[in-house]
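Chemist: Compact mmCIF, C-alpha atoms, file structure_14.txt:
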```txt
# COMPACT_ATOMS: atom_id res chain seq x y z
CA MET A 1 88.14 92.08 72.51
CA ALA A 2 88.58 89.07 74.70
CA HIS A 3 85.71 86.77 75.61
CA SER A 4 83.80 86.69 78.86
CA LEU A 5 84.60 83.99 81.40
CA GLU A 6 81.03 82.82 80.75
CA GLN A 7 80.31 82.08 77.12
CA SER A 8 76.69 83.13 77.39
CA CYS A 9 77.78 86.61 78.62
CA THR A 10 80.20 87.23 75.74
CA ALA A 11 77.68 88.89 73.40
CA LEU A 12 76.64 91.33 76.15
CA LYS A 13 80.27 91.89 77.08
CA LEU A 14 81.31 92.74 73.53
CA GLU A 15 78.41 95.14 73.15
CA TYR A 16 79.24 96.80 76.47
CA ASP A 17 82.98 97.02 75.68
CA SER A 18 82.24 98.69 72.33
CA CYS A 19 79.95 101.17 74.02
CA PHE A 20 82.48 102.00 76.73
CA ASN A 21 85.42 102.23 74.32
CA SER A 22 83.61 104.52 71.96
CA TRP A 23 82.58 106.75 74.88
CA PHE A 24 86.08 106.62 76.43
CA GLU A 25 87.84 107.48 73.17
CA GLY A 26 85.84 110.69 72.97
CA TYR A 27 86.24 111.35 76.68
CA LEU A 28 89.91 111.10 77.49
CA GLU A 29 91.78 113.84 75.60
CA PRO A 30 89.20 116.58 76.28
CA ALA A 31 89.16 115.43 79.93
CA VAL A 32 92.88 116.20 80.14
CA SER A 33 92.29 119.69 78.69
CA ALA A 34 89.24 120.27 80.90
CA SER A 35 91.41 119.66 83.98
CA ALA A 36 93.02 123.08 83.50
CA SER A 37 90.63 124.54 86.09
CA PRO A 38 88.48 122.89 88.78
CA GLU A 39 85.33 124.50 87.30
CA THR A 40 85.79 123.19 83.75
CA ARG A 41 86.83 119.83 85.15
CA THR A 42 83.69 119.44 87.25
CA LYS A 43 81.43 120.63 84.45
CA TYR A 44 82.99 118.29 81.89
CA SER A 45 83.07 115.32 84.29
CA LYS A 46 79.38 115.71 85.13
CA GLU A 47 78.40 116.02 81.47
CA LYS A 48 80.43 112.99 80.46
CA ALA A 49 79.39 110.82 83.42
CA ASP A 50 75.76 111.51 82.48
CA GLU A 51 76.48 110.77 78.83
CA TYR A 52 78.14 107.46 79.76
CA GLU A 53 75.13 106.49 81.85
CA ARG A 54 72.76 107.46 79.05
CA LYS A 55 74.66 105.62 76.34
CA CYS A 56 75.98 102.55 78.16
CA GLY A 57 73.95 102.28 81.37
CA LYS A 58 71.45 99.82 80.06
CA ILE A 59 73.86 97.40 78.37
CA TRP A 60 76.14 97.66 81.41
CA ALA A 61 73.32 96.57 83.73
CA SER A 62 72.58 93.52 81.56
CA TYR A 63 76.22 92.52 81.19
CA ARG A 64 76.98 93.14 84.88
CA ASP A 65 74.11 90.90 86.01
CA CYS A 66 75.24 88.16 83.63
CA VAL A 67 78.89 88.26 84.68
CA ARG A 68 78.20 88.58 88.41
CA LYS A 69 76.04 85.46 88.24
CA ALA A 70 78.82 83.65 86.37
CA VAL A 71 81.43 84.74 88.93
CA LYS A 72 79.27 83.19 91.63
CA GLU A 73 78.69 80.00 89.67
CA LYS A 74 82.40 79.56 89.12
CA GLY A 75 82.99 79.89 92.86
CA LEU A 76 85.04 83.05 92.42
CA ASP A 77 82.84 85.24 94.62
CA GLY A 78 84.45 84.05 97.87
CA LEU A 79 87.98 84.67 96.56
CA LEU A 80 86.89 88.05 95.22
CA ASP A 81 85.33 89.05 98.54
CA GLN A 82 88.51 88.07 100.33
CA ALA A 83 90.65 90.10 97.92
CA ARG A 84 88.32 93.09 98.37
CA GLN A 85 88.56 92.83 102.15
CA GLU A 86 92.35 92.66 102.05
CA ASN A 87 92.57 95.57 99.64
CA PRO A 88 89.37 97.47 98.82
CA LEU A 89 91.17 99.90 96.47
CA LYS A 90 88.36 102.43 96.49
CA GLU A 91 90.85 105.24 95.94
CA PRO A 92 93.89 105.34 93.65
CA PRO A 93 96.89 103.85 95.46
CA GLN A 94 100.15 105.68 95.87
CA MET A 95 102.48 104.28 93.27
CA PRO A 96 106.22 104.49 93.35
CA ARG A 97 107.60 106.40 90.38
CA PRO A 98 111.16 105.76 89.33
CA SER A 99 113.12 109.00 89.37
CA MET B 1 109.69 86.82 98.63
CA HIS B 2 110.43 87.62 95.01
CA TYR B 3 110.47 91.16 93.73
CA PHE B 4 110.26 92.14 90.09
CA SER B 5 110.31 95.54 88.44
CA GLN B 6 110.73 97.03 85.02
CA SER B 7 110.39 100.50 83.51
CA PHE B 8 110.38 101.71 79.96
CA ASN B 9 108.60 104.18 77.67
CA TYR B 10 105.98 103.59 75.04
CA ASP B 11 106.32 105.76 71.92
CA HIS B 12 102.76 107.03 72.16
CA SER B 13 101.05 109.79 74.10
CA TRP B 14 99.51 108.98 77.47
CA ALA B 15 95.96 109.26 76.08
CA HIS B 16 96.77 106.90 73.19
CA VAL B 17 98.31 104.35 75.54
CA ILE B 18 95.34 104.48 77.90
CA ILE B 19 92.83 104.19 75.06
CA GLY B 20 94.88 101.26 73.81
CA MET B 21 94.87 99.65 77.23
CA TRP B 22 91.29 98.44 76.73
CA HIS B 23 92.33 96.84 73.42
CA LYS B 24 95.26 94.84 74.76
CA TYR B 25 93.49 91.45 74.76
CA PRO B 26 93.10 89.10 73.01
CA ASN B 27 96.74 89.26 72.02
CA PRO B 28 98.76 86.62 70.18
CA HIS B 29 101.77 87.43 72.39
CA CYS B 30 99.71 87.01 75.55
CA SER B 31 97.60 83.99 74.64
CA HIS B 32 97.53 82.98 78.31
CA VAL B 33 94.90 85.71 78.93
CA VAL B 34 91.70 84.21 77.56
CA THR B 35 88.88 86.08 79.28
CA VAL B 36 88.48 89.66 80.45
CA ASP B 37 85.41 90.87 82.33
CA VAL B 38 84.51 94.20 83.86
CA ILE B 39 82.74 93.46 87.13
CA ASP B 40 82.51 97.02 88.43
CA ARG B 41 83.09 100.47 86.93
CA SER B 42 82.41 104.03 87.99
CA VAL B 43 82.90 107.39 86.32
CA ASN B 44 83.23 110.04 89.01
CA PRO B 45 80.92 112.94 88.03
CA VAL B 46 83.04 115.48 89.94
CA THR B 47 86.65 114.46 89.40
CA GLY B 48 86.38 112.54 86.12
CA LEU B 49 88.28 109.63 87.68
CA ILE B 50 87.38 106.24 86.23
CA ARG B 51 87.67 103.18 88.46
CA THR B 52 87.41 99.77 86.82
CA GLU B 53 87.44 96.38 88.51
CA ARG B 54 88.08 93.46 86.16
CA VAL B 55 88.54 89.72 86.39
CA LEU B 56 91.05 88.25 83.95
CA GLY B 57 91.02 84.56 83.21
CA CYS B 58 94.30 82.90 82.29
CA LYS B 59 95.04 79.47 80.96
CA GLN B 60 98.50 78.27 81.72
CA ARG B 61 99.37 74.73 82.39
CA ALA B 62 100.91 74.44 85.82
CA PRO B 63 103.61 71.83 86.43
CA THR B 64 102.30 68.48 87.72
CA TRP B 65 103.86 69.00 91.16
CA ILE B 66 101.90 72.23 91.63
CA VAL B 67 98.63 70.60 90.66
CA LYS B 68 99.39 67.65 92.97
CA LEU B 69 100.39 69.78 95.93
CA PHE B 70 97.99 72.65 95.65
CA GLY B 71 95.17 71.45 93.47
CA GLY B 72 94.18 74.13 91.02
CA SER B 73 93.63 73.71 87.34
CA GLU B 74 94.47 75.28 84.02
CA ASP B 75 92.16 78.19 84.76
CA ALA B 76 93.56 80.91 86.93
CA PHE B 77 91.83 84.18 87.72
CA VAL B 78 93.19 87.60 88.60
CA ARG B 79 91.47 90.65 90.12
CA GLU B 80 92.58 93.95 88.59
CA ILE B 81 91.66 97.48 89.69
CA SER B 82 92.57 100.42 87.51
CA PHE B 83 92.22 104.16 88.04
CA VAL B 84 92.38 106.50 85.08
CA ASP B 85 92.87 110.08 86.29
CA PRO B 86 92.78 112.57 83.39
CA SER B 87 93.54 115.51 85.71
CA THR B 88 96.98 114.18 86.63
CA GLN B 89 97.40 112.02 83.51
CA THR B 90 98.10 109.05 85.70
CA THR B 91 96.82 105.53 85.33
CA THR B 92 97.41 102.96 88.04
CA ILE B 93 96.66 99.27 87.82
CA SER B 94 96.79 96.92 90.81
CA SER B 95 96.37 93.19 90.36
CA VAL B 96 96.32 90.17 92.61
CA ASN B 97 95.79 86.49 91.90
CA LEU B 98 92.52 84.94 93.03
CA SER B 99 93.48 81.38 92.19
CA LEU B 100 95.98 79.69 94.52
CA SER B 101 95.67 82.76 96.74
CA GLN B 102 95.48 80.59 99.87
CA PHE B 103 99.06 79.50 99.11
CA ALA B 104 100.75 82.48 97.52
CA THR B 105 100.05 86.03 96.42
CA CYS B 106 101.32 87.96 93.46
CA HIS B 107 100.71 91.69 93.86
CA GLU B 108 101.39 93.62 90.69
CA LYS B 109 101.38 97.41 90.40
CA ILE B 110 101.60 99.37 87.20
CA VAL B 111 101.67 103.10 86.61
CA TYR B 112 101.52 105.00 83.30
CA PHE B 113 102.30 108.71 83.15
CA PRO B 114 103.55 111.16 80.50
CA ALA B 115 107.25 111.10 79.64
CA PRO B 116 109.21 113.75 77.73
CA GLY B 117 108.84 113.82 73.96
CA GLY B 118 105.16 112.85 73.86
CA ARG B 119 105.94 109.39 75.16
CA THR B 120 104.50 107.46 78.07
CA ALA B 121 106.40 106.02 80.99
CA PHE B 122 105.50 102.56 82.20
CA HIS B 123 106.61 101.31 85.58
CA GLN B 124 105.73 97.86 86.86
CA THR B 125 106.48 96.10 90.11
CA ALA B 126 105.45 92.73 91.43
CA GLU B 127 105.82 91.06 94.79
CA ILE B 128 105.40 87.34 94.90
CA GLN B 129 105.12 85.74 98.29
CA ALA B 130 104.12 82.32 99.53
CA ARG B 131 101.92 82.31 102.60
CA MET B 132 103.80 81.25 105.69
CA MET B 133 101.95 78.21 106.97
CA MET B 134 103.28 76.10 104.13
CA TRP B 135 106.02 73.57 104.14
CA ARG B 136 109.09 75.71 103.38
CA THR B 137 110.46 73.77 100.41
CA ALA B 138 107.10 73.71 98.70
CA ALA B 139 106.62 77.40 99.42
CA ASP B 140 110.00 78.21 97.86
CA LYS B 141 109.33 76.10 94.82
CA LEU B 142 105.91 77.63 94.32
CA GLU B 143 107.32 81.14 94.68
CA ASN B 144 110.09 80.39 92.20
CA TRP B 145 107.69 79.02 89.68
CA LEU B 146 105.28 81.95 90.02
CA ALA B 147 108.12 84.45 89.76
CA MET B 148 109.49 82.80 86.62
CA ARG B 149 106.05 82.74 85.06
CA PHE B 150 105.45 86.36 85.98
CA GLU B 151 108.69 87.52 84.37
CA GLN B 152 107.96 85.62 81.18
CA ASN B 153 104.48 87.10 81.00
CA ALA B 154 105.75 90.60 81.74
CA GLN B 155 108.04 90.43 78.70
CA LEU B 156 105.23 89.09 76.54
CA GLY B 157 102.96 91.83 77.81
CA LYS B 158 105.37 94.50 76.67
CA VAL B 159 105.78 93.00 73.19
CA GLY B 160 102.07 92.36 72.87
CA PHE B 161 100.96 95.82 73.96
CA THR B 162 103.56 97.49 71.73
CA ASP B 163 101.99 95.67 68.77
CA VAL B 164 98.47 96.67 69.77
CA LEU B 165 99.47 100.34 70.05
CA ARG B 166 101.25 100.22 66.70
CA GLN B 167 98.25 98.70 64.98
CA LEU B 168 95.83 101.05 66.67
CA TRP B 169 97.72 104.30 66.07
CA GLU B 170 100.19 103.80 63.23
CA GLU B 171 99.05 101.14 60.79
CA ALA B 172 95.46 102.35 61.07
CA LYS B 173 96.35 105.95 60.23
CA GLU B 174 94.88 105.81 56.74
CA LYS B 175 91.59 104.80 58.29
CA SER B 176 90.09 107.32 60.68
CA PRO B 177 91.95 106.54 63.91
CA VAL B 178 89.86 105.99 66.98
CA GLY B 179 89.94 108.56 69.71
CA THR B 180 91.10 111.43 67.56
CA PRO B 181 88.91 114.40 68.32
CA ALA B 182 87.31 115.86 65.22
```
Take the structure in the file and write it out as structure tokens.

Modeler:
Amino acid sequence: MAHSLEQSCTALKLEYDSCFNSWFEGYLEPAVSASASPETRTKYSKEKADEYERKCGKIWASYRDCVRKAVKEKGLDGLLDQARQENPLKEPPQMPRPS
Amino acid sequence: MHYFSQSFNYDHSWAHVIIGMWHKYPNPHCSHVVTVDVIDRSVNPVTGLIRTERVLGCKQRAPTWIVKLFGGSEDAFVREISFVDPSTQTTTISSVNLSLSQFATCHEKIVYFPAPGGRTAFHQTAEIQARMMMWRTAADKLENWLAMRFEQNAQLGKVGFTDVLRQLWEEAKEKSPVGTPA
């Protein structure tokens, strides 16, 4: 896994990435199957979102604080805010699919 | 404006490609990407949709005339937003440059979705555009350079990610492969 933009955040980043990846690798394929009906989808999503929070919430909070501080120190926060204003991307965008 | 697009299939299932996506860097084929940070992520507890906002740091020496005209340095940063939607088996990735963004923008869009035969379709587009207030010749030159760099990196990205997926899912088969449900 690649390093953090701030060296002192890399250890937290690697720990967080491992946590997320291990959760995600167990999540994805059953999530596809669970999408067969809205009920199973909602039940599975809730369970897994809670599990992610339980397993990775704490390390995420530490890593996030570290990297957000670093983003500010590198002067990227202004550019990031501008990009977010131009394109918030809170919902999945419509993507062209080649026919 | 420059427009770029390419489409092809990866010889892996959609889930394997999307699991592999988080393992793409560091990559010897894409050594220009040196840092990757998640700055925001949410797992939707109703829809199962995962939204991830990342900042990628790239090191690529810009030609002297770019540095002279526009400032900037070896470090360039990109904002990337991805949505993984298991219910539609669609992953979209939108990226835009943060560095040099006052002069030019490079908007990249990627979509991954299942293709026949257990494969995964990849479709990528990019629009590279200099902002208008610039001196025209400089704007054109900057656009040309960014477009050339983008196309080179897009090819490297394909080669690099193909390797990662092969290592993750084929060469590692004798070990217990990640992501395989028990």

Chemist: Pull out every residue of chain A sitting within 7 Å of chain B, counting all atoms listed in the file, and send them as a PyMOL selection string.

Modeler: chain A and resi 1-5+25-26+28-29+31-32+35+41-42+45-46+49+64+67-68+79-80+92+95

Chemist: I'd like the contact shell of Arg131 of chain B - 10 Å cut-off, only C-alpha atoms, skipping same-chain residues fewer than 6 positions apart - returned as a PyMOL selection string.

Modeler: chain B and resi 1+101-105+139+143

Chemist: Can you tell me how far atom CA of Ala126 of chain B sits from atom CA of His32 of chain B, in Å to one decimal?

Modeler: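 Calculated distance between atom CA of Ala126 of chain B and atom CA of His32 of chain B is 18.2 Å.
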
Chemist: Between atom CA of Arg119 of chain B and atom CA of His12 of chain B, measure the distance and give it in Å to one decimal.

Modeler: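 Interatomic distance here is 5.0 Å.
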
Chemist: In Å, how far is it from atom CA of Asp75 of chain B to atom CA of Arg61 of chain B?

Modeler: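 So the two atoms, atom CA of Asp75 of chain B and atom CA of Arg61 of chain B, lie 8.3 Å apart.
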
Chemist: Counting all atoms listed in the file, find residues at most 10 Å from (100.1, 99.1, 71.9) (file frame) and give them as a PDB file with C-alpha atoms, in the coordinates of the input.

Modeler:
```pdb
ATOM      1  CA  TYR B  10     105.980 103.590  75.040  1.00  0.00           C
ATOM      2  CA  ASP B  11     106.320 105.760  71.920  1.00  0.00           C
ATOM      3  CA  HIS B  12     102.760 107.030  72.160  1.00  0.00           C
ATOM      4  CA  HIS B  16      96.770 106.900  73.190  1.00  0.00           C
ATOM      5  CA  VAL B  17      98.310 104.350  75.540  1.00  0.00           C
ATOM      6  CA  ILE B  18      95.340 104.480  77.900  1.00  0.00           C
ATOM      7  CA  ILE B  19      92.830 104.190  75.060  1.00  0.00           C
ATOM      8  CA  GLY B  20      94.880 101.260  73.810  1.00  0.00           C
ATOM      9  CA  MET B  21      94.870  99.650  77.230  1.00  0.00           C
ATOM     10  CA  HIS B  23      92.330  96.840  73.420  1.00  0.00           C
ATOM     11  CA  LYS B  24      95.260  94.840  74.760  1.00  0.00           C
ATOM     12  CA  GLY B 157     102.960  91.830  77.810  1.00  0.00           C
ATOM     13  CA  LYS B 158     105.370  94.500  76.670  1.00  0.00           C
ATOM     14  CA  VAL B 159     105.780  93.000  73.190  1.00  0.00           C
ATOM     15  CA  GLY B 160     102.070  92.360  72.870  1.00  0.00           C
ATOM     16  CA  PHE B 161     100.960  95.820  73.960  1.00  0.00           C
ATOM     17  CA  THR B 162     103.560  97.490  71.730  1.00  0.00           C
ATOM     18  CA  ASP B 163     101.990  95.670  68.770  1.00  0.00           C
ATOM     19  CA  VAL B 164      98.470  96.670  69.770  1.00  0.00           C
ATOM     20  CA  LEU B 165      99.470 100.340  70.050  1.00  0.00           C
ATOM     21  CA  ARG B 166     101.250 100.220  66.700  1.00  0.00           C
ATOM     22  CA  GLN B 167      98.250  98.700  64.980  1.00  0.00           C
ATOM     23  CA  LEU B 168      95.830 101.050  66.670  1.00  0.00           C
ATOM     24  CA  TRP B 169      97.720 104.300  66.070  1.00  0.00           C
ATOM     25  CA  GLU B 170     100.190 103.800  63.230  1.00  0.00           C
TER      26      GLU B 170
END
```

Chemist: Within 9 Å of Trp23 of chain A, counting all atoms listed in the file, which residues show up once you throw out same-chain ones fewer than 2 positions away? Write them as a VMD selection string, please.

Modeler: chain A and resid 18 to 21 25 to 28 48 51 to 52 55 to 56

Chemist: Pick out the residues sitting within 12 Å of Ser8 of chain A, and hand them over as a CSV table (one decimal) with C-alpha atoms, keeping the file's coordinate frame; count all atoms listed in the file, and ignore anything fewer than 6 positions along from it in its own chain.

Modeler:
```
chain,number,residue,atom,x,y,z
A,14,LEU,CA,81.3,92.7,73.5
A,62,SER,CA,72.6,93.5,81.6
A,63,TYR,CA,76.2,92.5,81.2
A,65,ASP,CA,74.1,90.9,86.0
A,66,CYS,CA,75.2,88.2,83.6
A,67,VAL,CA,78.9,88.3,84.7
A,69,LYS,CA,76.0,85.5,88.2
A,70,ALA,CA,78.8,83.6,86.4
```

Chemist: Mind checking which residues fall within 6 Å of Glu127 of chain B, counting all atoms listed in the file, ignoring those fewer than 5 positions away in the same chain, and posting them as a VMD selection string?

Modeler: chain B and resid 2 to 3 106 to 107
